[in-house]
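Novice: Quick one, model-v3.tsv (TSV, C-alpha atoms and all ligand atoms):
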chain	number	residue	atom	x	y	z
E	26	MET	CA	48.12	44.92	-2.69
E	27	ILE	CA	46.11	43.53	-5.60
E	28	THR	CA	42.46	44.47	-5.96
E	29	ILE	CA	40.04	42.49	-8.11
E	30	TRP	CA	36.90	44.30	-9.21
E	31	GLY	CA	33.83	42.26	-9.97
E	32	GLY	CA	31.84	39.31	-8.72
E	33	ALA	CA	28.81	37.13	-9.34
E	34	THR	CA	29.58	36.17	-12.95
E	35	THR	CA	31.41	33.20	-14.44
E	36	ARG	CA	33.95	35.58	-15.99
E	37	THR	CA	34.80	37.21	-12.65
E	38	LEU	CA	35.05	33.76	-11.10
E	39	ARG	CA	37.91	32.99	-13.52
E	40	VAL	CA	40.06	35.65	-11.92
E	41	HIS	CA	39.13	34.93	-8.30
E	42	TRP	CA	39.83	31.25	-8.97
E	43	ALA	CA	43.32	32.09	-10.26
E	44	CYS	CA	44.01	34.17	-7.14
E	45	HIS	CA	42.87	31.32	-4.91
E	46	GLU	CA	44.99	28.76	-6.83
E	47	LEU	CA	48.02	30.98	-6.29
E	48	GLY	CA	47.21	31.55	-2.62
E	49	LEU	CA	47.25	35.31	-3.07
E	50	THR	CA	46.06	37.74	-0.45
E	51	TYR	CA	44.02	40.35	-2.30
E	52	ARG	CA	41.20	42.84	-1.90
E	53	SER	CA	37.87	42.46	-3.68
E	54	GLU	CA	35.43	45.05	-4.86
E	55	LEU	CA	32.54	42.71	-5.53
E	56	ILE	CA	30.51	44.88	-7.84
E	57	GLY	CA	28.01	43.13	-10.11
E	58	SER	CA	27.42	43.51	-13.82
E	59	ARG	CA	24.30	45.27	-15.06
E	60	THR	CA	23.83	46.98	-11.73
E	61	GLY	CA	25.09	50.39	-12.79
E	62	ALA	CA	28.27	49.90	-10.76
E	63	THR	CA	30.38	49.65	-13.93
E	64	GLN	CA	28.96	52.92	-15.23
E	65	THR	CA	30.29	55.33	-12.66
E	66	ASP	CA	33.01	57.85	-13.53
E	67	SER	CA	35.39	56.27	-11.02
E	68	PHE	CA	34.93	52.79	-12.50
E	69	ARG	CA	35.20	54.09	-16.08
E	70	ALA	CA	38.56	55.54	-15.13
E	71	LEU	CA	39.67	51.95	-14.45
E	72	ASN	CA	37.95	50.35	-17.42
E	73	ALA	CA	36.43	52.48	-20.16
E	74	LYS	CA	34.78	49.29	-21.49
E	75	GLU	CA	32.53	49.38	-18.38
E	76	LYS	CA	33.14	45.69	-17.74
E	77	ILE	CA	34.32	43.39	-15.00
E	78	PRO	CA	36.68	41.79	-14.07
E	79	VAL	CA	39.44	44.38	-13.57
E	80	LEU	CA	42.73	43.92	-11.75
E	81	VAL	CA	44.53	46.77	-10.02
E	82	ASP	CA	48.07	46.06	-8.85
E	83	GLY	CA	49.57	49.25	-7.46
E	84	ASP	CA	49.46	51.71	-10.35
E	85	PHE	CA	48.92	48.95	-12.92
E	86	VAL	CA	45.40	48.32	-14.23
E	87	LEU	CA	44.54	45.29	-16.37
E	88	THR	CA	41.27	44.16	-17.92
E	89	GLU	CA	40.20	40.96	-19.74
E	90	SER	CA	39.92	37.82	-17.65
E	91	ALA	CA	42.42	35.71	-19.61
E	92	ALA	CA	45.05	38.47	-19.60
E	93	ILE	CA	44.59	38.90	-15.85
E	94	ILE	CA	45.07	35.17	-15.26
E	95	ALA	CA	48.27	35.13	-17.33
E	96	TYR	CA	49.60	38.21	-15.50
E	97	LEU	CA	48.90	36.67	-12.10
E	98	ALA	CA	50.50	33.37	-13.13
E	99	ASP	CA	53.61	35.02	-14.56
E	100	CYS	CA	54.14	37.54	-11.76
E	101	TYR	CA	52.90	35.73	-8.67
E	102	GLY	CA	52.96	32.00	-9.43
E	103	ALA	CA	55.80	29.60	-8.86
E	104	PRO	CA	57.39	28.73	-12.24
E	105	GLU	CA	54.84	26.80	-14.30
E	106	GLN	CA	52.30	26.83	-11.45
E	107	LEU	CA	49.40	28.20	-13.47
E	108	ALA	CA	50.88	28.84	-16.93
E	109	PRO	CA	53.86	27.45	-18.84
E	110	LEU	CA	56.86	29.74	-19.17
E	111	ALA	CA	56.71	32.42	-21.87
E	112	GLY	CA	58.73	31.53	-24.96
E	113	THR	CA	58.12	27.77	-24.71
E	114	ARG	CA	56.04	25.61	-27.02
E	115	GLU	CA	53.90	24.69	-24.01
E	116	ARG	CA	53.07	28.36	-23.54
E	117	ALA	CA	52.12	28.61	-27.22
E	118	VAL	CA	49.79	25.65	-26.77
E	119	TYR	CA	48.40	27.28	-23.61
E	120	ASP	CA	47.70	30.47	-25.62
E	121	GLN	CA	46.07	28.38	-28.33
E	122	TRP	CA	43.63	26.82	-25.83
E	123	VAL	CA	42.92	30.20	-24.23
E	124	SER	CA	42.08	31.79	-27.61
E	125	PHE	CA	39.98	28.78	-28.56
E	126	VAL	CA	37.92	28.91	-25.37
E	127	LEU	CA	37.41	32.67	-25.50
E	128	MET	CA	36.39	32.78	-29.14
E	129	GLU	CA	34.76	29.45	-29.98
E	130	LEU	CA	33.20	28.54	-26.62
E	131	ASP	CA	32.48	31.99	-25.20
E	132	ALA	CA	32.12	34.88	-27.68
E	133	HIS	CA	30.84	32.98	-30.74
E	134	THR	CA	28.52	30.60	-28.96
E	135	LEU	CA	27.57	30.84	-25.25
E	136	TYR	CA	27.58	34.62	-25.27
E	137	VAL	CA	25.37	34.63	-28.38
E	138	ILE	CA	22.87	32.50	-26.44
E	139	ARG	CA	23.12	34.91	-23.53
E	140	LYS	CA	22.59	37.97	-25.72
E	141	HIS	CA	19.60	36.65	-27.63
E	142	ARG	CA	17.93	34.67	-24.85
E	143	ASP	CA	18.69	36.10	-21.38
E	144	LEU	CA	19.30	39.61	-22.69
E	145	ALA	CA	16.81	39.55	-25.57
E	146	ALA	CA	15.20	42.72	-24.27
E	147	LEU	CA	18.48	44.50	-25.03
E	148	TYR	CA	19.82	42.65	-28.06
E	149	GLY	CA	16.66	41.28	-29.70
E	150	GLU	CA	15.28	37.78	-30.07
E	151	ALA	CA	17.13	35.64	-32.60
E	152	PRO	CA	16.11	31.97	-32.34
E	153	ALA	CA	18.10	30.94	-35.42
E	154	ALA	CA	21.25	32.52	-33.98
E	155	ILE	CA	20.69	30.60	-30.73
E	156	ASP	CA	20.29	27.29	-32.58
E	157	THR	CA	23.46	27.97	-34.56
E	158	ALA	CA	25.31	28.93	-31.38
E	159	ILE	CA	24.28	25.70	-29.61
E	160	ALA	CA	25.37	23.60	-32.59
E	161	GLY	CA	28.61	25.57	-32.88
E	162	PHE	CA	29.41	25.09	-29.20
E	163	GLN	CA	28.79	21.36	-29.41
E	164	LYS	CA	30.94	20.96	-32.50
E	165	GLN	CA	33.85	22.96	-31.11
E	166	VAL	CA	33.74	21.56	-27.58
E	167	ARG	CA	34.06	18.07	-29.05
E	168	VAL	CA	37.63	19.03	-29.97
E	169	ALA	CA	38.38	19.56	-26.29
E	170	GLU	CA	36.62	16.31	-25.43
E	171	ILE	CA	38.69	14.26	-27.88
E	172	HIS	CA	41.86	15.84	-26.49
E	173	LEU	CA	40.85	14.98	-22.92
E	174	GLU	CA	39.77	11.45	-23.89
E	175	ASN	CA	43.27	10.90	-25.22
E	176	GLU	CA	44.83	12.38	-22.08
E	177	TYR	CA	42.84	10.14	-19.74
E	178	ALA	CA	43.39	7.10	-22.00
E	179	SER	CA	47.14	7.57	-21.81
E	180	GLY	CA	47.05	7.59	-18.00
E	181	ARG	CA	47.50	11.35	-17.66
E	182	LYS	CA	45.58	13.55	-15.26
E	183	GLY	CA	43.30	15.23	-17.78
E	184	TYR	CA	44.37	18.82	-18.21
E	185	VAL	CA	44.43	20.71	-21.46
E	186	VAL	CA	48.15	21.62	-21.47
E	187	GLY	CA	50.78	19.10	-20.46
E	188	ASP	CA	49.93	17.19	-17.30
E	189	ARG	CA	49.42	20.16	-15.02
E	190	PHE	CA	46.41	22.29	-14.10
E	191	SER	CA	46.66	25.77	-15.68
E	192	GLY	CA	44.76	28.93	-16.45
E	193	ALA	CA	43.53	27.26	-19.63
E	194	ASP	CA	41.70	24.75	-17.41
E	195	ILE	CA	40.14	27.60	-15.44
E	196	LEU	CA	38.75	29.00	-18.69
E	197	LEU	CA	37.55	25.70	-20.15
E	198	THR	CA	35.99	24.59	-16.86
E	199	GLY	CA	34.20	27.93	-16.64
E	200	VAL	CA	32.57	27.66	-20.06
E	201	LEU	CA	31.53	24.05	-19.38
E	202	ALA	CA	29.84	25.16	-16.16
E	203	TRP	CA	28.16	27.95	-18.14
E	204	ALA	CA	26.97	25.46	-20.80
E	205	GLU	CA	25.61	23.24	-18.03
E	206	ILE	CA	23.56	26.16	-16.69
E	207	TYR	CA	22.20	26.70	-20.22
E	208	ALA	CA	21.41	22.96	-20.54
E	209	VAL	CA	23.65	22.67	-23.61
E	210	PRO	CA	24.65	18.99	-23.51
E	211	PHE	CA	28.25	17.76	-23.76
E	212	GLY	CA	29.88	14.37	-23.41
E	213	PRO	CA	30.85	12.31	-20.34
E	214	THR	CA	34.57	12.98	-20.57
E	215	LEU	CA	33.94	16.70	-20.36
E	216	LEU	CA	31.63	16.14	-17.40
E	217	ARG	CA	34.39	14.11	-15.69
E	218	TYR	CA	36.85	16.93	-16.39
E	219	LEU	CA	34.40	19.59	-15.16
E	220	ASN	CA	33.73	17.74	-11.92
E	221	GLN	CA	37.44	17.02	-11.38
E	222	ASN	CA	38.24	20.74	-11.57
E	223	ARG	CA	35.21	21.85	-9.59
E	224	ALA	CA	36.41	19.62	-6.75
E	225	ARG	CA	39.60	21.69	-6.35
E	226	PRO	CA	39.64	23.54	-3.02
E	227	ALA	CA	40.59	26.78	-4.80
E	228	PHE	CA	37.53	26.50	-7.04
E	229	ARG	CA	35.27	25.99	-4.06
E	230	SER	CA	36.63	28.87	-2.04
E	231	ALA	CA	36.77	31.24	-5.02
E	232	SER	CA	33.25	30.32	-6.07
E	233	LYS	CA	31.90	30.93	-2.59
E	234	HIS	CA	33.59	34.32	-2.56
E	235	ASN	CA	32.64	35.31	-6.13
E	236	PHE	CA	28.99	34.40	-5.69
E	237	SER	CA	28.69	35.91	-2.23
E	238	ILE	CA	26.94	38.77	-4.02
E	239	LYS	CA	23.88	37.71	-5.90
E	240	THR	CA	23.42	40.54	-8.34
E	241	GLY	CA	24.81	40.22	-11.81
E	242	GLY	CA	23.67	39.67	-15.30
T	1	LIG	N1	36.17	39.76	-22.51
T	1	LIG	C1	35.87	40.22	-21.18
T	1	LIG	C2	34.37	40.19	-20.97
T	1	LIG	C3	33.96	40.92	-19.72
T	1	LIG	C4	32.46	41.05	-19.64
T	1	LIG	O1	31.74	41.04	-20.66
T	1	LIG	N2	31.97	41.22	-18.42
T	1	LIG	C5	30.56	41.41	-18.20
T	1	LIG	C6	30.10	40.55	-17.04
T	1	LIG	S1	30.42	38.84	-17.34
T	1	LIG	C7	30.31	42.86	-17.84
T	1	LIG	O2	31.05	43.42	-17.08
T	1	LIG	N3	29.29	43.49	-18.41
T	1	LIG	C8	29.03	44.91	-18.08
T	1	LIG	C9	27.79	45.12	-17.34
T	1	LIG	O3	26.96	44.26	-17.51
T	1	LIG	O4	27.61	46.06	-16.57
T	1	LIG	C10	36.60	39.34	-20.14
T	1	LIG	O5	36.76	38.13	-20.40
T	1	LIG	O6	37.01	39.84	-19.10
Let me see the file written as structure tokens.
Ligand SMILES: N[C@@H](CCC(=O)N[C@@H](CS)C(=O)NCC(=O)O)C(=O)O
Specialist:
Amino acid sequence: MITIWGGATTRTLRVHWACHELGLTYRSELIGSRTGATQTDSFRALNAKEKIPVLVDGDFVLTESAAIIAYLADCYGAPEQLAPLAGTRERAVYDQWVSFVLMELDAHTLYVIRKHRDLAALYGEAPAAIDTAIAGFQKQVRVAEIHLENEYASGRKGYVVGDRFSGADILLTGVLAWAEIYAVPFGPTLLRYLNQNRARPAFRSASKHNFSIKTGG
């Protein structure tokens, strides 16, 4: 039985969404971030980084949302259901989009806004860093928008890799929803893409589950 630790954040939603896409039966430990629940000895034994999400599959423990999605896709998905097969060019392109989203649209930009705005009491106020992060997000996300404009224009469904929904779409959709919460504007094609993916039944059920606890930071 798989257990997913963590809820109430957009990063934990990524993993619950993958489970729901794959139709997995799994247990949840819906602990929230910044509640102290990640700082217990028992949780530290699972993840010394004191962060959620965490996957436990039997005696196997895995952290990092994107790695968890890839593991679930490879081990529990039908071939190509949520990630292209390892060793293919499509998988390399999938990995490229995953790295791009995690670095350019999460760590370097939206998370900088979070640190120096929402969490300024912890990390300090830094208005110039926030302005740079907003501009950086908008510049980088335009690359995704141009890609999707071309996909839609050529009659394809509008996914980032090939013509099939994948874990890379879970990650990109998640950062767009995060940017929307922060009122960081992006173009109409990205809004179309965001709404298309948010309409998926697995997104709706996973979101309801993930946000059934309200704590989190
Ligand atoms: N790179 C990690 C980031 C995980 C992360 O930063 N999680 C936050 C919540 S979104 C957390 O657990 N923070 C610890 C805490 O606030 O207690 C991933 O993608 O899984």
Novice: Could the residues that lie within 9 Å of ligand LIG 1 (chain T), counting only C-alpha atoms and all ligand atoms, be listed as a ChimeraX atom specification?
Specialist: /E:31-37,39-40,57-64,74-79,88-93,127,131-132,136,241-242
Novice: Would you list the contacts of Ile171 (chain E) as an MDAnalysis selection string, taking every protein, DNA or RNA residue within 12 Å and counting all atoms listed in the file, but skipping same-chain residues closer than 2 positions in sequence?
Specialist: chainID E and resid 164:169 173:178 183 185 211:215 218
Novice: Can I get the selected residues back with C-alpha atoms, as a PDB file, in the coordinates of the input?
Specialist:
ATOM      1  CA  LYS E 164      30.940  20.960 -32.500  1.00  0.00           C
ATOM      2  CA  GLN E 165      33.850  22.960 -31.110  1.00  0.00           C
ATOM      3  CA  VAL E 166      33.740  21.560 -27.580  1.00  0.00           C
ATOM      4  CA  ARG E 167      34.060  18.070 -29.050  1.00  0.00           C
ATOM      5  CA  VAL E 168      37.630  19.030 -29.970  1.00  0.00           C
ATOM      6  CA  ALA E 169      38.380  19.560 -26.290  1.00  0.00           C
ATOM      7  CA  LEU E 173      40.850  14.980 -22.920  1.00  0.00           C
ATOM      8  CA  GLU E 174      39.770  11.450 -23.890  1.00  0.00           C
ATOM      9  CA  ASN E 175      43.270  10.900 -25.220  1.00  0.00           C
ATOM     10  CA  GLU E 176      44.830  12.380 -22.080  1.00  0.00           C
ATOM     11  CA  TYR E 177      42.840  10.140 -19.740  1.00  0.00           C
ATOM     12  CA  ALA E 178      43.390   7.100 -22.000  1.00  0.00           C
ATOM     13  CA  GLY E 183      43.300  15.230 -17.780  1.00  0.00           C
ATOM     14  CA  VAL E 185      44.430  20.710 -21.460  1.00  0.00           C
ATOM     15  CA  PHE E 211      28.250  17.760 -23.760  1.00  0.00           C
ATOM     16  CA  GLY E 212      29.880  14.370 -23.410  1.00  0.00           C
ATOM     17  CA  PRO E 213      30.850  12.310 -20.340  1.00  0.00           C
ATOM     18  CA  THR E 214      34.570  12.980 -20.570  1.00  0.00           C
ATOM     19  CA  LEU E 215      33.940  16.700 -20.360  1.00  0.00           C
ATOM     20  CA  TYR E 218      36.850  16.930 -16.390  1.00  0.00           C
TER      21      TYR E 218
END
Novice: At what distance in Å, to one decimal, does CA of Ile138 (chain E) lie from CA of Ile155 (chain E)?
Specialist: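 Calculated distance between CA of Ile155 (chain E) and CA of Ile138 (chain E) is 5.2 Å.
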Novice: Please identify all polymer residues within 10 Å of region 147-154 of chain E, counting all atoms listed in the file, omitting same-chain residues fewer than 6 positions from it, and present them as a VMD selection string.
Specialist: chain E and resid 134 137 to 141 160
Novice: With distances taken over all atoms listed in the file, which of E:Leu144, E:Pro210, E:Leu97, E:Asp84 is nearest to Gly48 (chain E)?
Specialist: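 Checking each candidate against Gly48 (chain E), we get E:Leu97 as the closest.
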Novice: When you look at Glu205 (chain E) with a cut-off of 12 Å (counting all atoms listed in the file), what residues show up, excluding the ones that are within fewer than 2 positions of it in the same chain? I need them as a list in words.
Specialist: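 The residues that qualify are Leu135, Ile159, Phe162, Gln163, Thr198, Gly199, Val200, Leu201, Ala202, Trp203, Tyr207, Ala208, Val209, Pro210, Phe211, Gly212, Leu215, Leu216, Leu219 and Asn220 of chain E.
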Novice: Would you give the centre and edge lengths, in Å to one decimal, of a box along x, y and z around the listed atoms of region 97-102 of chain E, with 3 Å added to each side, as AutoDock Vina command-line options?
Specialist:
--center_x 51.5 --center_y 34.8 --center_z -11.6 --size_x 11.2 --size_y 11.5 --size_z 11.9
Novice: What does the distance from CA of Gly83 (chain E) to CA of Leu110 (chain E) come to in Å, to one decimal?
Specialist: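 Between these atoms lies a distance of 23.9 Å.
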Novice: So how far away is CA of Tyr119 (chain E) from CA of Gly187 (chain E), in Å?
Specialist: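 Computing the Euclidean distance for CA of Gly187 (chain E) and CA of Tyr119 (chain E) yields 9.1 Å.
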Novice: Measuring atom to atom with only C-alpha atoms, identify which of E:Ser124, E:Ile56, E:Tyr51, E:Arg189 is nearest to Phe236 (chain E).
Specialist: E:Ile56
Novice: Taking all atoms listed in the file into account, name the residue in E:Trp122, E:Ile206, E:Ala145, E:Gln221 that is nearest to Lys182 (chain E).
Specialist: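 Ranked by minimum distance to Lys182 (chain E), first place goes to E:Gln221.
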